[in-house]
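Have a look at the structure below before the remarks.
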Amino acid sequence: MENIVTNETVIRIVNRLNQLGNLSDDANCLSRFYGTTAHKVSGDLLISWMETAGLVVTKDGIGNIKGILQSKNKKAKHFVMGSHYDTVFNAGNYDGPLGILLGIEVVKRILKENIQLPFHLNVIAFADEEGARFNTAYLGSSVLVKEFDKTWLERTDDDGVSLNDVINENKGDIDDIFNAFIPKKDWLGYFEAHIEQGPILCKENLPVCLVSSIAAQTRINIEWFGECGHAGTYPMDLRNDALCAAAEFVLEVEKIGREQKTNLVATVGKLNLEPNVSNVIPGRVNHSLDLRSPDDLFLVAITKKLKRKLLEIARRRLLKYKWSIMQANPSVLCDSNLKQALGRSIISSGVNQLIEIPSGAGHDAVMISKVAPVSMLFIRCKAGISHNPLEYVAPHDIAEALKVCDNFINEIIILENKKSNKHE
């Protein structure tokens, strides 16, 4: 496979990133939550680009867009390149879509050069990885590996709309969700190219690097139930203020996070309170808790420690509470064989230094690792900024990343052909 990336190709990728970045459900920022109008339109656009590239495209019941370039060997295994096309609120253009668009360009190159594949190459745009609407991280990839939890259908967004209703409104197929998986025996591997979302590549002045692992993550939803009262008449020492309890707990989260900063990040990023008016004592608060660590056992211990703290606050302040673990995923190691192949691909593309770093952010590779070996490439983003409209990847780094992707798929082709020759 020729390792040439033209300016025309890079410009096309950047233009497509900008097109997707203009598809938002909020007029003031990029916000493309699962199942919204902008989400559907962006999916339709990805379908058109995949079909134009020469992929056979389908859309499953949850909204994953699956393009396949089939091997002549019908019994061949599946190698998947993928990322997601949903966003957080007030997002940047590159988180997720860049990996999908790089996959599309790899396919175009393979077809142009008439390369025969010893495996089925899939480019998949996952419908929901962020979990911003229903607190369902890896929703799309869970379907691909038969890990979708039926109880998720009952989850509701902030407006009380259920996931089940959204799927039906978008003409999705609930039954297909439980059948649209690739069987474990048919997987060859998974590869995801993604912006780093951190500053290390900028510090090292490198365009790309290997990912060694992905941190364990636990997502928890917490509710505090106090008692509403008049802000002007209820004595301070008789109040059961749900917001004050939540505030005390949030500060404890920050304290523990700072004490354990080499092994933990802890975040409360979402909070809602009722009745949310200036002259009434808050009677109910609902907030998130996001805990991440490279050490699985440590994360379990910290989670228990924070729950004990929550119990202590609730008892002292005479409040009731609800602690709901929404998702808990163990840490993931990237496959050593795929990592070696990806390392060779980085060096052969002309990058003068090979480094590998762990990912504190979650990725669809977490879910795919349940059935297949996974690998990831990090791409430099300006100042390490992500989940922010200032998110940016320079065209030069996009070109370097595409070179590596091309080289990597070529490496996998060579390895699989060697295996076939040994068996003949």
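Naming scheme: A, B, ... for chains in displayed order of the structure tokens; residues 1 onward per chain; ligands 1 onward as shown.
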Write out as a ChimeraX atom specification each polymer residue whose atoms come within 12 Å of Thr262 (chain A), counting only C-alpha atoms; drop sequence neighbours fewer than 4 positions from it. /A:256-258,266,292-295,298,360
Residues from the last selection, C-alpha atoms, saved as an mmCIF file, in the first residue's frame:
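The result, written out as out-v9.cif:
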```
data_model
loop_
_atom_site.group_PDB
_atom_site.id
_atom_site.type_symbol
_atom_site.label_atom_id
_atom_site.label_comp_id
_atom_site.auth_asym_id
_atom_site.auth_seq_id
_atom_site.Cartn_x
_atom_site.Cartn_y
_atom_site.Cartn_z
ATOM 1 C CA ILE A 256 -10.068 12.477 47.987
ATOM 2 C CA GLY A 257 -9.281 13.054 44.313
ATOM 3 C CA ARG A 258 -6.472 15.455 45.231
ATOM 4 C CA ALA A 266 -12.994 12.092 40.408
ATOM 5 C CA ARG A 292 -11.509 6.643 37.088
ATOM 6 C CA SER A 293 -8.294 4.838 37.918
ATOM 7 C CA PRO A 294 -5.785 2.558 36.175
ATOM 8 C CA ASP A 295 -6.047 0.269 39.236
ATOM 9 C CA PHE A 298 -8.148 0.746 44.082
ATOM 10 C CA GLY A 360 -7.790 8.159 31.220
#
```
Polymer residues at most 8 Å from Thr136 (chain A), only C-alpha atoms, same-chain spacing of 5 or more positions, as an MDAnalysis selection string: chainID A and resid 128:131 152 326:327
Take the selection from the previous step and output its residues with N, CA and C atoms, as a tab-separated table (two decimals), in the first residue's frame.
```
chain	number	residue	atom	x	y	z
A	128	ASP	N	-23.63	5.96	20.06
A	128	ASP	CA	-23.55	6.65	21.35
A	128	ASP	C	-22.41	6.05	22.17
A	129	GLU	N	-21.38	6.85	22.38
A	129	GLU	CA	-20.27	6.46	23.23
A	129	GLU	C	-20.20	7.33	24.48
A	130	GLU	N	-20.54	8.60	24.34
A	130	GLU	CA	-20.44	9.54	25.44
A	130	GLU	C	-21.46	9.26	26.55
A	131	GLY	N	-22.64	8.78	26.16
A	131	GLY	CA	-23.68	8.53	27.14
A	131	GLY	C	-24.26	9.80	27.75
A	152	TRP	N	-31.63	-0.83	30.17
A	152	TRP	CA	-31.30	0.51	29.69
A	152	TRP	C	-32.46	1.13	28.93
A	326	MET	N	-24.47	3.36	37.61
A	326	MET	CA	-25.00	3.33	36.25
A	326	MET	C	-24.15	2.48	35.32
A	327	GLN	N	-22.85	2.46	35.59
A	327	GLN	CA	-21.94	1.71	34.74
A	327	GLN	C	-20.62	1.53	35.47
```
For Lys185 (chain A), list every protein, DNA or RNA residue within 10 Å, evaluated using only C-alpha atoms, and leave out those in the same chain fewer than 4 positions away; present the list as a list in words. Lys77, His78, Val371 and Ala372 of chain A
Pick from A:Ala242, A:Ala361, A:Leu188, A:Ile281, whichever lies nearest to Thr218 (chain A) using only C-alpha atoms: A:Ala361
Taking into account only C-alpha atoms, which residue in the set A:Asn90, A:Arg239, A:Ser345, A:Thr6 is nearest to Ala27 (chain A)?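 Going through A:Asn90, A:Arg239, A:Ser345, A:Thr6 one by one, the smallest distance to Ala27 (chain A) is for A:Asn90.
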Which residue out of A:Lys370, A:Asp237, A:Ala53, A:Cys334 has the minimum interatomic distance to Glu147 (chain A) when only C-alpha atoms are used? A:Lys370
Any chance you could tabulate, as a Markdown table, the residues of region 35-120 of chain A at most 8 Å from region 9-25 of chain A with each one's nearest atom pair and distance in Å to one decimal, using only C-alpha atoms, in chain and rising number order?
```
| residue | atom | partner | partner_atom | distance |
| --- | --- | --- | --- | --- |
| A:Thr36 | CA | A:Asp25 | CA | 7.2 |
| A:Thr37 | CA | A:Asp25 | CA | 6.9 |
| A:Ala38 | CA | A:Ser24 | CA | 5.2 |
| A:His39 | CA | A:Leu23 | CA | 7.7 |
| A:Val41 | CA | A:Leu23 | CA | 7.4 |
| A:Ser42 | CA | A:Leu20 | CA | 6.1 |
| A:Gly92 | CA | A:Gly21 | CA | 7.4 |
| A:Asn93 | CA | A:Gly21 | CA | 5.1 |
| A:Tyr94 | CA | A:Leu17 | CA | 6.8 |
| A:Pro97 | CA | A:Leu17 | CA | 6.8 |
| A:Leu98 | CA | A:Leu17 | CA | 7.0 |
| A:Leu101 | CA | A:Ile13 | CA | 6.5 |
| A:Leu102 | CA | A:Ile13 | CA | 7.7 |
| A:Glu105 | CA | A:Thr9 | CA | 7.9 |
```
Residue subset to file, keeping N, CA, C and O atoms, as a CSV table (one decimal), in the first residue's frame:
```csv
chain,number,residue,atom,x,y,z
A,36,THR,N,-31.2,12.5,18.7
A,36,THR,CA,-31.8,13.9,18.3
A,36,THR,C,-31.8,14.1,16.8
A,36,THR,O,-31.3,13.2,16.1
A,37,THR,N,-32.4,15.2,16.4
A,37,THR,CA,-32.4,15.5,14.9
A,37,THR,C,-31.0,15.6,14.3
A,37,THR,O,-30.8,15.0,13.3
A,38,ALA,N,-30.2,16.3,15.0
A,38,ALA,CA,-28.8,16.5,14.5
A,38,ALA,C,-28.1,15.2,14.5
A,38,ALA,O,-27.3,14.9,13.6
A,39,HIS,N,-28.3,14.3,15.4
A,39,HIS,CA,-27.7,13.0,15.5
A,39,HIS,C,-28.1,12.2,14.3
A,39,HIS,O,-27.2,11.6,13.6
A,41,VAL,N,-29.3,13.3,11.3
A,41,VAL,CA,-28.8,13.9,10.1
A,41,VAL,C,-27.3,13.6,9.9
A,41,VAL,O,-26.8,13.3,8.8
A,42,SER,N,-26.5,13.7,11.0
A,42,SER,CA,-25.1,13.4,10.9
A,42,SER,C,-24.9,11.9,10.5
A,42,SER,O,-24.0,11.6,9.7
A,92,GLY,N,-16.3,19.7,20.8
A,92,GLY,CA,-15.4,20.0,19.7
A,92,GLY,C,-15.7,19.1,18.5
A,92,GLY,O,-16.4,18.2,18.6
A,93,ASN,N,-15.1,19.4,17.3
A,93,ASN,CA,-15.4,18.7,16.1
A,93,ASN,C,-14.7,17.4,15.9
A,93,ASN,O,-15.1,16.6,15.1
A,94,TYR,N,-13.6,17.1,16.7
A,94,TYR,CA,-12.7,16.0,16.4
A,94,TYR,C,-12.9,14.7,17.2
A,94,TYR,O,-12.6,13.6,16.8
A,97,PRO,N,-15.6,11.7,15.4
A,97,PRO,CA,-15.7,11.7,14.0
A,97,PRO,C,-14.4,11.5,13.3
A,97,PRO,O,-14.3,10.9,12.2
A,98,LEU,N,-13.3,12.0,13.8
A,98,LEU,CA,-12.0,11.9,13.1
A,98,LEU,C,-11.6,10.5,12.9
A,98,LEU,O,-11.2,10.1,11.8
A,101,LEU,N,-13.7,9.0,10.0
A,101,LEU,CA,-13.3,9.6,8.7
A,101,LEU,C,-12.0,9.0,8.2
A,101,LEU,O,-11.8,8.7,7.0
A,102,LEU,N,-11.1,8.8,9.2
A,102,LEU,CA,-9.8,8.1,8.8
A,102,LEU,C,-10.1,6.7,8.3
A,102,LEU,O,-9.4,6.3,7.3
A,105,GLU,N,-11.2,6.8,4.7
A,105,GLU,CA,-10.1,7.1,3.8
A,105,GLU,C,-9.2,5.8,3.6
A,105,GLU,O,-8.7,5.6,2.4
```
